[in-house]
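Shown next: input16.csv, containing CSV, C-alpha atoms.
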chain,number,residue,atom,x,y,z
A,1,MET,CA,22.3,7.8,-1.2
A,2,ALA,CA,23.1,10.3,1.5
A,3,SER,CA,20.1,11.5,3.5
A,4,LYS,CA,19.4,15.1,4.3
A,5,SER,CA,19.5,16.3,8.0
A,6,GLY,CA,16.1,15.8,9.6
A,7,SER,CA,15.0,13.2,7.1
A,8,PRO,CA,13.4,9.9,8.4
A,9,LYS,CA,16.6,8.0,7.6
A,10,SER,CA,18.8,10.3,9.6
A,11,GLN,CA,16.3,10.2,12.5
A,12,PHE,CA,16.6,6.4,12.6
A,13,VAL,CA,20.4,6.6,12.6
A,14,LYS,CA,20.4,9.1,15.4
A,15,ALA,CA,18.1,7.0,17.5
A,16,VAL,CA,20.4,3.9,17.6
A,17,LYS,CA,23.8,5.5,17.9
A,18,LYS,CA,24.4,5.4,21.7
A,19,PRO,CA,22.6,3.0,24.0
A,20,ASN,CA,21.6,4.4,27.4
A,21,ARG,CA,22.1,1.9,30.1
A,22,ARG,CA,20.7,3.8,33.1
A,23,HIS,CA,17.2,2.4,33.1
A,24,ASN,CA,14.3,0.8,31.2
A,25,ALA,CA,13.9,-2.8,30.4
A,26,ALA,CA,14.9,-4.8,27.4
A,27,ALA,CA,11.7,-6.3,25.9
A,28,PRO,CA,10.9,-9.6,27.5
A,29,ALA,CA,12.0,-12.4,25.3
A,30,LYS,CA,8.7,-14.2,25.7
A,31,ALA,CA,6.7,-11.1,24.7
A,32,LEU,CA,8.5,-10.6,21.5
A,33,ALA,CA,9.3,-14.2,20.5
A,34,SER,CA,6.6,-14.3,17.8
A,35,VAL,CA,8.6,-12.0,15.5
A,36,ARG,CA,11.8,-13.1,13.7
A,37,SER,CA,14.9,-10.9,14.5
A,38,PRO,CA,17.8,-10.5,12.0
A,39,ARG,CA,19.8,-12.9,14.2
A,40,ALA,CA,17.0,-15.3,15.2
A,41,LYS,CA,18.5,-18.3,13.3
A,42,ARG,CA,22.1,-17.6,13.6
A,43,GLY,CA,24.2,-20.7,13.5
A,44,SER,CA,27.1,-22.2,11.6
A,45,TYR,CA,25.1,-22.2,8.4
A,46,VAL,CA,24.2,-18.4,8.6
A,47,SER,CA,26.9,-16.2,7.1
A,48,ASP,CA,27.7,-12.6,7.9
A,49,SER,CA,26.5,-11.7,4.4
A,50,ILE,CA,23.1,-13.2,5.2
A,51,LEU,CA,22.9,-11.3,8.4
A,52,ALA,CA,23.9,-8.1,6.7
A,53,ARG,CA,21.2,-8.7,4.0
A,54,ARG,CA,18.6,-9.1,6.8
A,55,ARG,CA,19.8,-6.0,8.4
A,56,ARG,CA,19.4,-4.0,5.1
A,57,MET,CA,15.8,-5.4,4.7
A,58,LEU,CA,14.8,-4.3,8.2
A,59,ASP,CA,16.5,-0.9,8.0
A,60,VAL,CA,14.9,-0.1,4.6
A,61,ALA,CA,11.5,-1.3,5.9
A,62,LYS,CA,11.8,1.1,8.8
A,63,GLU,CA,12.8,4.0,6.6
A,64,MET,CA,9.8,3.3,4.3
A,65,ILE,CA,7.4,3.0,7.2
A,66,ALA,CA,8.5,6.5,8.4
A,67,GLU,CA,8.3,7.9,4.8
A,68,GLY,CA,4.7,6.8,4.0
A,69,GLY,CA,3.5,4.1,6.3
A,70,PRO,CA,3.1,0.4,5.4
A,71,GLU,CA,0.7,1.3,2.5
A,72,GLY,CA,3.4,3.5,1.0
A,73,PHE,CA,5.7,0.8,-0.3
A,74,THR,CA,5.7,-2.5,-2.0
A,75,ILE,CA,7.9,-5.6,-1.5
A,76,ARG,CA,9.4,-5.0,-5.0
A,77,GLU,CA,10.4,-1.4,-4.1
A,78,LEU,CA,11.8,-2.5,-0.8
A,79,GLY,CA,13.8,-5.1,-2.5
A,80,ARG,CA,15.2,-2.6,-5.0
A,81,ARG,CA,16.3,-0.2,-2.2
A,82,ALA,CA,17.7,-3.0,0.0
A,83,ARG,CA,19.4,-4.7,-3.0
A,84,VAL,CA,17.8,-8.1,-2.4
A,85,SER,CA,15.4,-10.2,-4.4
A,86,VAL,CA,11.6,-10.4,-3.8
A,87,THR,CA,12.1,-14.1,-3.4
A,88,THR,CA,14.6,-13.5,-0.6
A,89,ILE,CA,12.3,-11.2,1.3
A,90,TYR,CA,9.4,-13.6,1.1
A,91,SER,CA,11.6,-16.6,2.1
A,92,THR,CA,13.0,-14.7,5.1
A,93,TYR,CA,9.8,-13.0,6.5
A,94,GLY,CA,7.0,-14.8,4.8
A,95,ASP,CA,5.1,-11.7,3.6
A,96,LYS,CA,5.0,-7.9,3.8
A,97,GLU,CA,3.2,-8.0,7.1
A,98,GLY,CA,5.8,-10.4,8.6
A,99,LEU,CA,8.5,-8.0,7.5
A,100,ILE,CA,6.8,-5.0,9.0
A,101,ALA,CA,6.3,-6.8,12.3
A,102,ALA,CA,9.9,-7.8,12.4
A,103,ALA,CA,11.0,-4.2,11.5
A,104,ILE,CA,8.8,-2.8,14.4
A,105,GLU,CA,10.4,-5.1,16.9
A,106,ASP,CA,13.9,-4.4,15.6
A,107,PHE,CA,13.3,-0.7,15.8
A,108,TYR,CA,12.3,-0.9,19.5
A,109,GLN,CA,15.2,-3.2,20.3
A,110,ARG,CA,17.7,-0.8,18.9
A,111,LEU,CA,16.5,2.2,20.8
A,112,PRO,CA,18.4,3.3,24.0
A,113,LEU,CA,15.3,2.8,26.1
A,114,ALA,CA,15.4,-0.9,25.4
A,115,ARG,CA,18.7,-1.3,27.1
A,116,GLY,CA,19.5,-1.7,30.8
A,117,PRO,CA,17.6,-3.0,33.8
A,118,SER,CA,14.0,-2.2,34.6
A,119,PRO,CA,13.3,0.7,36.9
A,120,MET,CA,12.4,-0.5,40.4
A,121,THR,CA,11.4,2.8,41.9
A,122,LEU,CA,8.5,5.2,41.0
A,123,PRO,CA,10.9,8.1,40.1
A,124,GLY,CA,12.7,5.7,37.8
A,125,LEU,CA,9.5,4.7,36.1
A,126,LEU,CA,8.6,8.4,35.6
A,127,GLU,CA,12.0,9.1,34.2
A,128,ALA,CA,11.5,6.1,31.8
A,129,ILE,CA,8.4,7.8,30.4
A,130,ASP,CA,10.5,10.9,29.6
A,131,GLU,CA,13.0,8.6,27.8
A,132,ALA,CA,10.2,7.0,25.8
A,133,CYS,CA,8.9,10.4,24.8
A,134,LYS,CA,12.4,11.4,23.6
A,135,ALA,CA,12.4,8.3,21.3
A,136,VAL,CA,9.0,9.5,19.9
A,137,PHE,CA,10.3,13.0,19.3
A,138,GLY,CA,13.4,11.7,17.6
A,139,ASN,CA,11.4,9.6,15.2
A,140,LYS,CA,8.1,11.4,14.7
A,141,PRO,CA,7.1,10.1,11.3
A,142,TYR,CA,7.7,6.5,12.4
A,143,ALA,CA,5.9,7.0,15.7
A,144,ARG,CA,2.8,8.4,14.0
A,145,HIS,CA,2.6,5.4,11.6
A,146,TYR,CA,3.3,3.0,14.5
A,147,VAL,CA,0.2,4.2,16.5
A,148,ASP,CA,-1.9,4.5,13.3
A,149,LEU,CA,-1.3,0.9,12.7
A,150,TYR,CA,-2.3,-0.1,16.2
A,151,PHE,CA,-5.7,1.6,15.9
A,152,SER,CA,-6.3,0.5,12.4
A,153,GLY,CA,-9.3,-1.7,12.0
A,154,THR,CA,-7.6,-3.8,9.3
A,155,VAL,CA,-4.1,-4.2,10.9
A,156,ASP,CA,-2.6,-7.7,10.6
A,157,PRO,CA,-2.7,-9.6,14.0
A,158,ARG,CA,1.0,-10.0,14.0
A,159,ILE,CA,1.6,-6.3,13.6
A,160,TYR,CA,-1.0,-5.5,16.3
A,161,LYS,CA,0.7,-8.0,18.7
A,162,VAL,CA,4.2,-6.7,18.2
A,163,ILE,CA,3.1,-3.1,18.7
A,164,GLN,CA,1.3,-4.1,21.9
A,165,ASP,CA,4.4,-6.0,23.1
A,166,THR,CA,6.9,-3.3,22.3
A,167,ALA,CA,4.7,-0.6,24.0
A,168,ARG,CA,4.3,-2.9,27.0
A,169,ALA,CA,8.1,-3.5,27.1
A,170,ALA,CA,8.8,0.2,26.8
A,171,ALA,CA,6.7,0.9,29.9
A,172,GLY,CA,9.1,-1.2,31.9
A,173,CYS,CA,6.8,-1.2,34.9
A,174,GLN,CA,6.0,-4.9,35.4
A,175,PRO,CA,9.0,-5.7,37.7
A,176,TRP,CA,8.0,-2.6,39.8
A,177,LEU,CA,4.4,-3.8,40.0
A,178,GLN,CA,5.6,-7.4,40.9
A,179,LYS,CA,7.7,-6.0,43.7
A,180,THR,CA,4.8,-3.8,44.9
A,181,MET,CA,2.6,-6.9,45.0
A,182,ARG,CA,5.3,-8.9,47.0
A,183,ASP,CA,5.5,-6.0,49.4
A,184,GLY,CA,1.7,-6.3,50.0
A,185,ASP,CA,1.0,-2.8,48.6
A,186,THR,CA,-1.5,-3.9,46.0
A,187,ILE,CA,-5.2,-4.6,46.5
A,188,ALA,CA,-6.6,-8.1,46.7
A,189,GLY,CA,-7.5,-9.7,43.3
A,190,PHE,CA,-4.8,-7.7,41.4
A,191,ASP,CA,-4.4,-9.2,38.0
A,192,MET,CA,-1.0,-8.4,36.4
A,193,ASP,CA,-1.9,-9.1,32.8
A,194,TYR,CA,-5.1,-7.1,33.0
A,195,VAL,CA,-3.4,-4.0,34.5
A,196,MET,CA,-0.4,-4.2,32.1
A,197,ASN,CA,-2.8,-4.3,29.1
A,198,LEU,CA,-4.7,-1.4,30.5
A,199,LEU,CA,-1.5,0.6,31.0
A,200,THR,CA,-0.3,-0.3,27.5
A,201,ASN,CA,-3.6,0.7,25.8
A,202,ASN,CA,-3.7,4.0,27.7
A,203,ARG,CA,-0.1,4.8,26.7
A,204,LEU,CA,-1.0,4.2,23.0
A,205,ILE,CA,-4.2,6.3,23.3
A,206,GLY,CA,-2.0,9.1,24.6
A,207,LEU,CA,0.4,8.6,21.7
A,208,GLN,CA,-2.5,8.7,19.3
A,209,ASP,CA,-3.7,12.1,20.8
A,210,TRP,CA,-0.2,13.4,20.2
A,211,ALA,CA,-0.1,12.0,16.6
A,212,ARG,CA,-3.4,13.7,15.9
A,213,GLY,CA,-2.2,17.1,17.3
A,214,ARG,CA,-4.6,17.0,20.3
A,215,ILE,CA,-1.6,17.4,22.6
A,216,ASP,CA,1.8,18.9,21.9
A,217,ASP,CA,5.3,17.6,22.6
A,218,LYS,CA,5.4,19.3,26.0
A,219,GLN,CA,2.2,17.7,27.1
A,220,LEU,CA,2.9,14.1,25.9
A,221,ALA,CA,5.1,13.1,28.8
A,222,ILE,CA,3.0,14.8,31.4
A,223,GLU,CA,-0.2,13.1,30.1
A,224,ALA,CA,1.5,9.8,30.0
A,225,LYS,CA,2.6,10.1,33.6
A,226,ILE,CA,-0.8,11.1,34.7
A,227,SER,CA,-2.4,8.2,32.9
A,228,PHE,CA,0.1,5.7,34.4
A,229,LEU,CA,-0.2,7.2,38.0
A,230,SER,CA,-4.0,7.3,37.8
A,231,ILE,CA,-4.2,3.6,37.0
A,232,VAL,CA,-1.6,2.4,39.5
A,233,ARG,CA,-3.2,4.5,42.2
A,234,GLY,CA,-6.4,2.4,41.9
A,235,ILE,CA,-4.5,-0.9,42.5
A,236,THR,CA,-2.0,0.2,45.2
A,237,ARG,CA,-2.3,0.9,48.9
A,238,GLY,CA,-0.1,1.8,51.9
A,239,ALA,CA,3.2,3.6,51.4
A,240,THR,CA,3.2,2.9,47.7
A,241,GLN,CA,-0.1,4.6,47.2
A,242,ASP,CA,1.1,7.6,49.2
A,243,ARG,CA,4.1,8.0,46.9
A,244,VAL,CA,1.8,7.6,43.8
A,245,ASP,CA,-0.5,10.3,45.2
A,246,ALA,CA,2.4,12.7,45.7
A,247,ALA,CA,3.7,12.1,42.2
A,248,LEU,CA,0.2,12.5,40.7
A,249,LYS,CA,-0.4,15.8,42.4
A,250,THR,CA,2.9,17.1,41.1
A,251,CYS,CA,2.1,16.0,37.5
A,252,LEU,CA,-1.4,17.5,37.7
A,253,ARG,CA,0.2,20.9,38.7
A,254,MET,CA,2.6,20.6,35.8
A,255,ALA,CA,-0.3,19.8,33.4
A,256,THR,CA,-2.2,22.9,34.6
A,257,ALA,CA,0.9,25.1,34.2
A,258,ALA,CA,1.5,23.7,30.7
A,259,ARG,CA,-2.1,24.5,29.6
A,260,LEU,CA,-1.8,28.1,30.9
A,261,GLN,CA,1.4,28.8,28.9

Mind turning this structure into structure tokens?
Amino acid sequence: MASKSGSPKSQFVKAVKKPNRRHNAAAPAKALASVRSPRAKRGSYVSDSILARRRRMLDVAKEMIAEGGPEGFTIRELGRRARVSVTTIYSTYGDKEGLIAAAIEDFYQRLPLARGPSPMTLPGLLEAIDEACKAVFGNKPYARHYVDLYFSGTVDPRIYKVIQDTARAAAGCQPWLQKTMRDGDTIAGFDMDYVMNLLTNNRLIGLQDWARGRIDDKQLAIEAKISFLSIVRGITRGATQDRVDAALKTCLRMATAARLQ
């Protein structure tokens, strides 16, 4: 069935058409290894038809998440739309939650921001935030359900983990932080995992504010940059902290101007 312009389905197609190779990291393999991708078990015994069937299941799952969230569909309905049996869905992904987790990972991996090398400069990281926001604006229904799942008190641990991992990968800042640490521009006792988790959670909190209408599209990227810069300012020193300070002042001026408009 052809989708109307602006529908969730057309938004997904638009998002994955042309990869952007300028910046942003592909998700670390270790971080996302817990979720099965459509090609995870490819071998001589996996046919193209099986891979195509997995692709249909994931694509339909993403469409249905955008349409009504995970609660808005059943495995039976997904199987009908993807033209696969309920037994096939369960044998491939285990259960509905396993399928949703796989669909979330797959959605991230097919976005332009998941392609190319990690930014290794502060301006590159700030540009990466703009690219991440573009992905959000191109897939608003999906993004709202994505963040709602993360903050749900009943979300399956596998789904929670893959959202955290994809948000962390989308930030793309770990290589930059590692270089900063090697250069001696971080404070003593700096813990990478702690700071990365803090950055990830703050990014998702900002996305939730946007999803709830507390901030608009124009403010989302600015607020995300301010949050990122405020955290890294507290762990950096020397020339790196000077650059962070300058960028933070610029973003604060932009935020003030945006509120006055």

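Of the residues under consideration (A:Ile163, A:Val232, A:Ala132, A:Val147), A:Val232 shows the shortest atom-to-atom contact distance to Met181 of chain A when counting only C-alpha atoms.
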
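Counting only C-alpha atoms and comparing A:Leu220, A:Leu125, A:Arg158, A:Asn202, the residue that lies closest to Gln174 of chain A is A:Leu125.
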
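If you measure from each of A:Ile187, A:Val195, A:Ala128, A:Ala211 to Tyr146 of chain A using only C-alpha atoms, the closest one turns out to be A:Ala211.
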
For this session: Might you pull out every residue within 12 Å of Ile104 of chain A, with all atoms listed in the file counted and same-chain residues fewer than 6 positions away left off, and present them as a PyMOL selection string?
Result: chain A and resi 32+35-37+58-66+69-70+97-98+110-111+142-143+145-147+149-150+158-167

Problem set entry | Counting all atoms listed in the file, the option among A:Cys251, A:Ala114, A:Met57, A:Val86 closest to Leu99 of chain A | A:Met57

Seminar exercise, completed: Expressed in Å, the length from atom CA of Thr92 of chain A to atom CA of Ala169 of chain A is 25.2 Å

Exercise. For Ala255 of chain A, which of A:Ala135, A:Ala239, A:Ile231, A:Ala224 is the closest residue, counting all atoms listed in the file?
Worked result: A:Ala224

Problem set entry | Selected residue, from A:Lys134, A:Ile129, A:Ala52, A:Thr154, that lies nearest to Glu223 of chain A when counting all atoms listed in the file | A:Ile129

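Taking atom CA of Asp156 of chain A as the reference point, atom CA of Ala82 of chain A is found at 23.4 Å.
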
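Going from atom CA of Asp217 of chain A to atom CA of Gly124 of chain A covers 20.7 Å.
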
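Within 12 Å of Cys133 of chain A, once all atoms listed in the file are used and residues closer than 6 positions along the same chain are dropped, the contacting residues are A:Leu111, A:Pro112, A:Leu113, A:Leu126, A:Glu127, A:Asn139, A:Lys140, A:Ala143, A:Ala167, A:Ala170, A:Ala171, A:Arg203, A:Leu204, A:Gly206, A:Leu207, A:Trp210, A:Asp216, A:Asp217, A:Lys218, A:Gln219, A:Leu220, A:Ala221, A:Ile222, A:Glu223, A:Ala224, A:Lys225.
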